[in-house]
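Structure file model_1.csv (CSV, C-alpha atoms) follows.
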chain,number,residue,atom,x,y,z
A,1,MET,CA,132.3,127.7,202.1
A,2,LEU,CA,133.1,123.9,202.1
A,3,SER,CA,134.0,122.3,205.3
A,4,LYS,CA,137.3,120.4,205.6
A,5,GLY,CA,135.2,117.2,205.8
A,6,SER,CA,133.4,118.1,202.6
A,7,LEU,CA,136.6,118.9,200.7
A,8,LEU,CA,138.1,115.6,201.9
A,9,TRP,CA,135.1,113.6,200.7
A,10,LEU,CA,135.0,115.3,197.3
A,11,THR,CA,138.8,114.7,196.9
A,12,CYS,CA,138.4,111.1,197.8
A,13,LEU,CA,135.4,110.6,195.5
A,14,LEU,CA,137.2,112.2,192.5
A,15,PHE,CA,140.3,110.1,193.2
A,16,THR,CA,138.3,106.9,193.5
A,17,LEU,CA,136.5,107.6,190.2
A,18,THR,CA,139.8,108.4,188.5
A,19,ILE,CA,141.3,105.1,189.7
A,20,ALA,CA,138.2,103.2,188.8
A,21,VAL,CA,138.4,104.4,185.2
A,22,ALA,CA,142.1,103.7,185.0
A,23,GLN,CA,141.7,100.2,186.4
A,24,SER,CA,138.6,99.1,184.5
A,25,GLU,CA,139.2,99.6,180.8
A,26,ALA,CA,137.2,96.5,180.2
A,27,GLU,CA,134.1,98.0,181.9
A,28,TRP,CA,131.5,100.0,180.0
A,29,ALA,CA,130.6,103.6,180.7
A,30,VAL,CA,127.0,104.5,180.2
A,31,VAL,CA,126.0,107.5,178.1
A,32,GLN,CA,122.3,108.3,178.0
A,33,PRO,CA,121.0,111.3,176.0
A,34,ALA,CA,118.4,113.5,177.7
A,35,GLU,CA,115.9,113.1,174.8
A,36,SER,CA,115.2,109.8,173.1
A,37,GLN,CA,111.9,108.4,171.6
A,38,ASP,CA,113.5,104.9,171.2
A,39,GLY,CA,115.4,104.5,174.4
A,40,LEU,CA,118.8,105.2,172.9
A,41,VAL,CA,121.8,104.3,175.2
A,42,LEU,CA,125.5,104.3,174.4
A,43,TRP,CA,127.8,101.8,176.2
A,44,SER,CA,131.3,103.0,175.7
A,45,ARG,CA,134.9,102.1,176.5
A,46,PRO,CA,138.2,102.8,174.8
A,47,GLY,CA,138.4,101.1,171.4
A,48,ALA,CA,134.8,99.8,171.4
A,49,ALA,CA,131.2,100.9,171.8
A,50,ARG,CA,127.7,99.3,171.8
A,51,VAL,CA,124.6,101.3,170.9
A,52,VAL,CA,121.3,100.1,172.3
A,53,VAL,CA,118.0,101.2,170.7
A,54,GLY,CA,115.0,99.7,172.5
A,55,ASP,CA,115.7,96.0,172.6
A,56,ARG,CA,118.3,96.0,169.8
A,57,ALA,CA,122.0,96.3,170.3
A,58,SER,CA,124.8,96.8,167.8
A,59,SER,CA,128.6,96.9,168.2
A,60,VAL,CA,130.7,99.8,166.9
A,61,SER,CA,134.4,99.2,166.2
A,62,LEU,CA,136.6,102.1,167.0
A,63,ARG,CA,140.3,102.8,166.2
A,64,SER,CA,143.0,102.6,168.8
A,65,GLY,CA,142.8,105.4,171.3
A,66,GLU,CA,139.2,106.4,170.4
A,67,GLU,CA,136.3,106.6,172.9
A,68,LEU,CA,132.8,107.9,172.4
A,69,THR,CA,131.5,110.3,175.0
A,70,ASP,CA,128.2,111.8,173.7
A,71,ILE,CA,125.3,110.4,171.6
A,72,ALA,CA,122.1,111.9,170.2
A,73,GLU,CA,119.1,110.5,168.4
A,74,LEU,CA,118.5,111.4,164.8
A,75,GLU,CA,115.3,111.1,162.7
A,76,ASP,CA,116.7,108.0,161.0
A,77,GLY,CA,119.4,106.8,163.4
A,78,TRP,CA,121.9,108.3,165.8
A,79,VAL,CA,125.1,110.4,165.9
A,80,ALA,CA,127.9,110.0,168.4
A,81,ALA,CA,131.0,112.1,169.3
A,82,GLY,CA,134.1,111.4,171.2
A,83,ARG,CA,137.9,111.8,171.2
A,84,ARG,CA,141.0,110.0,169.9
A,85,THR,CA,144.2,110.3,172.0
A,86,VAL,CA,147.5,109.9,170.1
A,87,GLY,CA,150.9,110.9,171.5
A,88,GLY,CA,149.3,112.9,174.3
A,89,LYS,CA,147.1,114.9,171.9
A,90,THR,CA,143.4,114.6,171.5
A,91,ARG,CA,141.3,115.0,168.4
A,92,LEU,CA,137.5,114.9,168.0
A,93,VAL,CA,135.7,111.9,166.4
A,94,VAL,CA,132.1,112.0,165.0
A,95,LEU,CA,130.3,108.9,163.8
A,96,THR,CA,126.7,108.6,162.5
A,97,ASP,CA,124.5,105.7,161.7
A,98,ASP,CA,121.5,106.7,159.6
A,99,SER,CA,119.8,105.8,156.3
A,100,GLN,CA,123.2,105.9,154.6
A,101,GLY,CA,124.7,103.4,157.1
A,102,LEU,CA,127.5,103.7,159.6
A,103,ARG,CA,129.8,106.6,158.6
A,104,ARG,CA,132.8,108.4,160.0
A,105,LEU,CA,132.6,112.1,159.4
A,106,GLU,CA,135.6,114.3,159.0
A,107,SER,CA,136.8,115.6,162.3
A,108,PRO,CA,135.2,119.1,163.0
A,109,ALA,CA,138.3,120.3,164.9
A,110,PRO,CA,141.5,121.1,162.9
A,111,ALA,CA,144.7,119.8,164.5
A,112,THR,CA,145.7,123.2,166.0
A,113,GLY,CA,145.5,122.7,169.8
A,114,GLU,CA,147.0,120.1,172.1
A,115,LEU,CA,143.7,119.3,173.6
A,116,GLN,CA,140.2,118.9,172.1
A,117,LEU,CA,137.8,117.8,174.8
A,118,ARG,CA,134.2,117.2,175.7
A,119,PRO,CA,132.4,117.3,172.3
A,120,ARG,CA,128.7,118.2,172.6
A,121,LEU,CA,126.4,117.4,169.7
A,122,LEU,CA,124.0,120.0,168.4
A,123,VAL,CA,120.9,118.4,166.9
A,124,ASP,CA,117.9,120.2,165.5
A,125,ASP,CA,114.6,118.5,164.5
A,126,GLY,CA,116.2,115.1,164.2
A,127,ARG,CA,119.2,116.3,162.2
A,128,LEU,CA,122.9,116.9,163.1
A,129,ALA,CA,123.4,120.7,163.2
A,130,GLY,CA,126.9,120.9,164.6
A,131,VAL,CA,129.3,120.2,167.4
A,132,ALA,CA,130.7,122.3,170.3
A,133,TRP,CA,133.8,121.4,172.2
A,134,LEU,CA,136.6,122.7,174.5
A,135,GLU,CA,140.1,123.3,173.0
A,136,GLY,CA,143.4,124.6,174.2
A,137,ALA,CA,147.1,123.9,174.9
A,138,THR,CA,146.5,123.0,178.5
A,139,PRO,CA,143.5,122.3,180.8
A,140,ARG,CA,143.8,125.9,182.1
A,141,GLU,CA,143.8,127.5,178.7
A,142,LEU,CA,140.7,126.0,177.1
A,143,THR,CA,138.3,128.0,174.9
A,144,VAL,CA,134.8,127.0,173.8
A,145,ARG,CA,134.3,126.4,170.1
A,146,ALA,CA,131.6,125.3,167.7
A,147,ARG,CA,131.2,124.3,164.1
A,148,ARG,CA,128.1,123.8,162.0
A,149,TRP,CA,127.3,120.7,159.9
A,150,SER,CA,125.6,121.4,156.5
A,151,GLY,CA,124.8,117.7,155.9
A,152,VAL,CA,127.8,117.5,153.6
A,153,ASP,CA,130.7,119.3,155.3
A,154,TRP,CA,131.6,121.5,158.3
A,155,GLY,CA,131.3,125.3,158.3
A,156,PRO,CA,133.9,127.7,159.7
A,157,THR,CA,135.0,127.3,163.4
A,158,GLU,CA,133.2,129.7,165.7
A,159,LEU,CA,134.8,131.0,169.0
A,160,VAL,CA,132.0,130.9,171.6
A,161,GLY,CA,133.9,131.4,174.8
A,162,PRO,CA,137.4,132.9,174.7
A,163,ARG,CA,140.1,132.1,177.3
A,164,VAL,CA,139.5,133.3,180.8
A,165,ALA,CA,141.9,133.6,183.8
A,166,GLY,CA,141.6,130.0,184.7
A,167,SER,CA,139.8,126.8,183.7
A,168,GLN,CA,136.6,126.2,181.7
A,169,THR,CA,135.0,122.8,182.1
A,170,GLY,CA,131.7,120.9,182.0
A,171,LEU,CA,130.4,121.9,178.6
A,172,ALA,CA,126.7,121.1,178.1
A,173,SER,CA,124.4,121.8,175.1
A,174,VAL,CA,120.8,121.8,174.1
A,175,THR,CA,118.7,123.0,171.1
A,176,LEU,CA,115.8,125.2,172.2
A,177,GLY,CA,112.3,125.1,170.8
A,178,ASP,CA,113.0,128.1,168.5
A,179,GLY,CA,115.9,126.2,166.8
A,180,ASN,CA,118.7,128.2,168.6
A,181,GLU,CA,121.3,126.4,170.6
A,182,LEU,CA,122.3,127.0,174.2
A,183,LEU,CA,125.7,126.2,175.5
A,184,MET,CA,126.6,126.1,179.2
A,185,TRP,CA,129.8,125.5,181.1
A,186,SER,CA,131.7,126.3,184.3
A,187,ALA,CA,134.2,129.2,184.0
A,188,PHE,CA,136.7,130.6,186.6
A,189,ASP,CA,136.0,134.3,187.2
A,190,GLY,CA,139.1,135.1,189.2
A,191,ASN,CA,137.6,133.9,192.5
A,192,ASP,CA,135.7,130.7,191.9
A,193,ASP,CA,133.9,128.8,189.2
A,194,GLU,CA,130.6,130.2,187.9
A,195,ILE,CA,128.1,128.7,185.4
A,196,VAL,CA,127.9,130.8,182.2
A,197,PHE,CA,125.9,130.4,179.0
A,198,SER,CA,125.9,131.5,175.4
A,199,ARG,CA,123.0,131.3,172.9
A,200,SER,CA,123.4,131.0,169.1
A,201,ARG,CA,122.0,133.6,166.8
A,202,GLY,CA,122.1,134.4,163.1
A,203,ASP,CA,125.6,136.1,163.2
A,204,GLY,CA,127.2,133.8,165.7
A,205,TRP,CA,126.9,133.4,169.5
A,206,THR,CA,126.1,135.8,172.3
A,207,THR,CA,128.8,136.9,174.7
A,208,PRO,CA,129.1,134.4,177.6
A,209,ARG,CA,127.2,135.6,180.7
A,210,ARG,CA,126.6,134.2,184.2
A,211,VAL,CA,123.4,132.1,184.7
A,212,ALA,CA,123.0,133.3,188.3
A,213,ALA,CA,124.3,136.1,190.5
A,214,GLY,CA,128.0,135.8,191.3
A,215,ASN,CA,129.1,134.2,194.6
A,216,ARG,CA,132.2,133.0,196.4
A,217,VAL,CA,131.7,129.3,196.1
A,218,PRO,CA,132.3,126.9,193.2
A,219,ASP,CA,129.4,126.2,190.8
A,220,VAL,CA,130.3,123.2,188.6
A,221,ALA,CA,129.0,120.4,186.3
A,222,PRO,CA,126.0,121.9,184.5
A,223,ALA,CA,123.3,119.9,182.7
A,224,VAL,CA,120.5,121.4,180.5
A,225,ILE,CA,117.3,120.3,178.8
A,226,ALA,CA,114.8,122.1,176.6
A,227,THR,CA,111.2,122.7,177.8
A,228,ARG,CA,108.2,124.2,176.0
A,229,ALA,CA,108.8,127.6,177.6
A,230,GLY,CA,112.6,127.6,177.3
A,231,ALA,CA,115.0,125.4,179.3
A,232,LEU,CA,115.9,124.0,182.7
A,233,ALA,CA,119.5,123.9,183.9
A,234,ALA,CA,120.9,122.0,186.9
A,235,TRP,CA,124.4,122.2,188.5
A,236,SER,CA,126.2,121.6,191.8
A,237,ARG,CA,127.0,124.5,194.1
A,238,ALA,CA,129.3,124.2,197.1
A,239,GLY,CA,127.8,124.8,200.5
A,240,ASP,CA,128.7,124.5,204.2
A,241,ASP,CA,127.8,120.8,204.2
A,242,GLY,CA,129.0,119.8,200.8
A,243,TYR,CA,127.6,120.3,197.3
A,244,GLU,CA,123.9,120.9,196.7
A,245,LEU,CA,122.1,120.6,193.4
A,246,VAL,CA,120.3,123.6,192.1
A,247,VAL,CA,117.9,124.1,189.2
A,248,ALA,CA,117.3,127.3,187.3
A,249,ARG,CA,114.6,128.0,184.7
A,250,TYR,CA,115.3,129.8,181.4
A,251,ARG,CA,112.3,131.6,180.1
A,252,ARG,CA,112.0,134.5,177.5
A,253,GLY,CA,115.7,134.9,177.4
A,254,VAL,CA,116.1,135.3,181.2
A,255,TRP,CA,117.3,132.9,183.9
A,256,GLN,CA,115.3,132.8,187.0
A,257,LYS,CA,116.9,132.5,190.5
A,258,PRO,CA,118.1,128.9,191.0
A,259,ARG,CA,116.4,126.7,193.6
A,260,VAL,CA,117.8,123.8,195.6
A,261,ALA,CA,116.7,120.4,194.3
A,262,ALA,CA,118.9,118.1,196.4
A,263,ARG,CA,121.4,118.4,199.2
A,264,ASP,CA,123.8,116.1,201.0
A,265,GLY,CA,126.6,116.2,198.4
A,266,ALA,CA,124.6,116.0,195.1
A,267,LEU,CA,126.9,115.9,192.1
A,268,PHE,CA,127.0,114.9,188.4
A,269,ALA,CA,123.4,115.8,187.5
A,270,ARG,CA,121.9,114.6,184.2
A,271,PHE,CA,118.4,115.2,182.8
A,272,VAL,CA,116.4,112.4,181.2
A,273,ARG,CA,113.0,112.8,179.7
A,274,ARG,CA,111.0,109.6,179.2
A,275,ASP,CA,107.3,109.2,178.4
A,276,GLY,CA,106.7,112.9,179.0
A,277,ARG,CA,108.2,112.8,182.5
A,278,LEU,CA,111.2,115.0,183.3
A,279,LEU,CA,113.8,113.3,185.5
A,280,LEU,CA,117.0,114.4,187.1
A,281,LEU,CA,119.7,111.8,188.0
A,282,TYR,CA,122.5,112.7,190.4
A,283,ARG,CA,125.1,111.1,192.6
A,284,ARG,CA,124.6,111.4,196.4
A,285,ALA,CA,127.3,111.6,199.0
A,286,THR,CA,125.1,111.2,202.2
A,287,PRO,CA,124.0,108.4,202.1
A,288,ARG,CA,126.2,107.3,199.2
A,289,GLY,CA,124.4,106.2,196.1
A,290,TRP,CA,122.3,107.7,193.4
A,291,GLY,CA,119.2,109.8,193.5
A,292,VAL,CA,116.4,110.6,191.0
A,293,ALA,CA,114.0,113.5,191.1
A,294,GLU,CA,111.0,114.0,189.0
A,295,LEU,CA,110.5,117.7,188.1
A,296,GLY,CA,107.6,119.7,187.0
A,297,PRO,CA,107.8,122.1,184.1
A,298,ASN,CA,108.9,124.9,186.5
A,299,GLY,CA,111.8,122.8,187.8
A,300,LEU,CA,110.3,122.1,191.2
A,301,VAL,CA,110.7,118.6,192.6
A,302,ARG,CA,107.5,116.5,192.6
A,303,ARG,CA,108.9,113.2,194.0
A,304,ARG,CA,112.2,111.3,194.6
A,305,ALA,CA,113.7,107.9,194.5
A,306,THR,CA,116.9,107.0,196.3
A,307,PHE,CA,119.3,104.2,195.5
A,308,LEU,CA,121.8,103.3,198.3
A,309,LYS,CA,125.0,101.2,198.0
A,310,THR,CA,125.2,101.5,194.3
A,311,ALA,CA,128.4,101.8,192.3
A,312,PRO,CA,129.8,105.3,191.6
A,313,ASP,CA,129.8,104.7,187.8
A,314,ARG,CA,126.9,106.5,186.0
A,315,PRO,CA,123.9,104.2,185.2
A,316,ALA,CA,121.2,104.4,182.6
A,317,LEU,CA,117.8,105.5,183.9
A,318,GLU,CA,114.7,103.4,183.1
A,319,LEU,CA,111.0,103.9,184.1
A,320,ASP,CA,109.3,101.0,185.8
A,321,GLY,CA,105.6,101.6,185.5
A,322,VAL,CA,103.9,104.4,187.4
A,323,MET,CA,105.4,103.8,190.8
A,324,GLY,CA,109.0,102.9,190.1
A,325,VAL,CA,112.2,103.8,188.4
A,326,ASN,CA,115.3,101.6,187.7
A,327,LEU,CA,119.0,102.2,187.3
A,328,ARG,CA,120.8,99.9,184.9
A,329,MET,CA,124.4,99.8,186.1
A,330,PRO,CA,127.5,99.5,183.8
A,331,ASP,CA,127.9,95.9,185.0
A,332,ARG,CA,124.4,95.2,183.6
A,333,THR,CA,122.8,94.7,187.1
A,334,VAL,CA,119.5,96.6,187.7
A,335,ALA,CA,118.8,98.6,190.9
A,336,ARG,CA,115.1,99.0,191.5
A,337,GLY,CA,113.6,102.0,193.3
A,338,TYR,CA,110.2,103.5,194.2
A,339,TRP,CA,109.0,107.1,194.3
A,340,ASP,CA,108.6,108.9,197.5
A,341,THR,CA,107.5,112.5,198.2
A,342,PRO,CA,110.0,115.4,198.4

With the file now loaded, output its structure as structure tokens.
Amino acid sequence: MLSKGSLLWLTCLLFTLTIAVAQSEAEWAVVQPAESQDGLVLWSRPGAARVVVGDRASSVSLRSGEELTDIAELEDGWVAAGRRTVGGKTRLVVLTDDSQGLRRLESPAPATGELQLRPRLLVDDGRLAGVAWLEGATPRELTVRARRWSGVDWGPTELVGPRVAGSQTGLASVTLGDGNELLMWSAFDGNDDEIVFSRSRGDGWTTPRRVAAGNRVPDVAPAVIATRAGALAAWSRAGDDGYELVVARYRRGVWQKPRVAARDGALFARFVRRDGRLLLLYRRATPRGWGVAELGPNGLVRRRATFLKTAPDRPALELDGVMGVNLRMPDRTVARGYWDTP
């Protein structure tokens, strides 16, 4: 179980991040997709966004109360999703910039729930395939939903994860090599949070199941990326000395036992694949800063880079030749790091 010191640190960190967001509306949040051939990065803040593709940047004007939170690369451009908050209610927003120019698609979520949160784009072979999101009257009553995009309009809403006896958070998505989608999130099971998943199929989605054996500590904040053999997932699991980052391999429809990839309070993991190299970015508590791990196809850590005294806001990850890796922070400064062994 978490020690009192670990719980205090996590509470302080989350409080600091919340205050930072509330006080820095003028600052940009960095959203970097796991997969991108052209170095796609979204710089986002309420009411405005900038999309960077390689060395080209373009501004995107948003309506009042709108903020983009996810972006994916298309064969001929990009697609982004976010939310619009009006009168305490949230609605989904989807924008795309392709051969037809910048367009605003009809919202995939009808105005039925009070909250529509954390949209996750589903992209297959360079085309928008759909959107998944969380929806409910309150944060403790959220369901997981998805809707397909035909290229012209949205299909019927699909219920992927029904309500549970508590919260459901941290939705993540990926399209597998066979064209099926995989959704992952953290769901309360009556004792603590567990990581669950559902896979698309011809007649809908599979019943949500745990990724790993049940335990009595929180498992939170999953990230997932496709591999040639299936997928890799990473998430944070509470331990005696704070959160540790674990990685599990999905192969032939089965999840293998997760292995520890980082300790010392590792949180907020995100995968990034660049130049054929699979990287895992995460926030460190001890010492405070960011860490990057390069993984092999089996999910094992090959080498690491550590960035100390860096801001808590998520950066964009950039490769720097063979021996280095850089973090571009939201304030545009660059933190340079070098690989070490595990």

- [ ] Have a look at A:Ala29, A:Val196, A:Val260, A:Leu142 and name the one nearest to Val220 (chain A); count all atoms listed in the file.
- [x] A:Val196

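Between Thr306 (chain A) and the candidates A:Ser200, A:Asn326, A:Ser44, A:Thr112, the tightest atom-to-atom separation, counting only C-alpha atoms, involves A:Asn326.
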
Task: Within 7 Å of region 290-298 of chain A using all atoms listed in the file, minus same-chain residues under 3 positions, as a PyMOL selection string - done: chain A and resi 249+278-284+301-308+310

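Here the question is which of A:Leu327, A:Val53, A:Leu182, A:Val160 gets nearest to Ile225 (chain A) using all atoms listed in the file, and that residue is A:Leu182.
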
TODO: Figure out the distance between CA of Leu319 (chain A) and CA of Gly179 (chain A), please, to one decimal in Å.
DONE: 28.6 Å

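Separating CA of Met323 (chain A) from CA of Tyr338 (chain A) is a distance of 5.9 Å.
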
TODO: Enumerate, as a ChimeraX atom specification, the protein, DNA and RNA residues whose atoms approach (114.3, 133.2, 183.0) to within 12 Å, taking into account only C-alpha atoms and the coordinate frame of the file.
DONE: /A:211-212,229-233,247-258,298-299

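For the choices A:Arg145, A:Trp78, A:Leu121, A:Val224, the atom-to-atom distance to Val52 (chain A) is smallest for A:Trp78 when using all atoms listed in the file.
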
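Between CA of Pro312 (chain A) and CA of Phe271 (chain A) the interatomic distance comes to 17.5 Å.
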
- [ ] Find the residues around Ser58 (chain A) up to 12 Å (all atoms listed in the file counted), leave out those fewer than 5 positions away in its own chain, and share them as a PyMOL selection string.
- [x] chain A and resi 40-44+48-53+97+102

Task: Spatial neighbours of Ser236 (chain A), 9 Å, only C-alpha atoms, chain gap at least 6 places, as a PyMOL selection string - done: chain A and resi 218-222+243-246+265-269

Write the selection just made, keeping C-alpha atoms, as an mmCIF file, in the coordinates of the input?
data_model
loop_
_atom_site.group_PDB
_atom_site.id
_atom_site.type_symbol
_atom_site.label_atom_id
_atom_site.label_comp_id
_atom_site.auth_asym_id
_atom_site.auth_seq_id
_atom_site.Cartn_x
_atom_site.Cartn_y
_atom_site.Cartn_z
ATOM 1 C CA PRO A 218 132.300 126.900 193.200
ATOM 2 C CA ASP A 219 129.400 126.200 190.800
ATOM 3 C CA VAL A 220 130.300 123.200 188.600
ATOM 4 C CA ALA A 221 129.000 120.400 186.300
ATOM 5 C CA PRO A 222 126.000 121.900 184.500
ATOM 6 C CA TYR A 243 127.600 120.300 197.300
ATOM 7 C CA GLU A 244 123.900 120.900 196.700
ATOM 8 C CA LEU A 245 122.100 120.600 193.400
ATOM 9 C CA VAL A 246 120.300 123.600 192.100
ATOM 10 C CA GLY A 265 126.600 116.200 198.400
ATOM 11 C CA ALA A 266 124.600 116.000 195.100
ATOM 12 C CA LEU A 267 126.900 115.900 192.100
ATOM 13 C CA PHE A 268 127.000 114.900 188.400
ATOM 14 C CA ALA A 269 123.400 115.800 187.500
#

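Neighbours of Thr69 (chain A) closer than or equal to 7 Å, with all atoms listed in the file counted and sequence neighbours fewer than 5 positions away skipped, come out as Val31, Ala81 and Gly82 of chain A.
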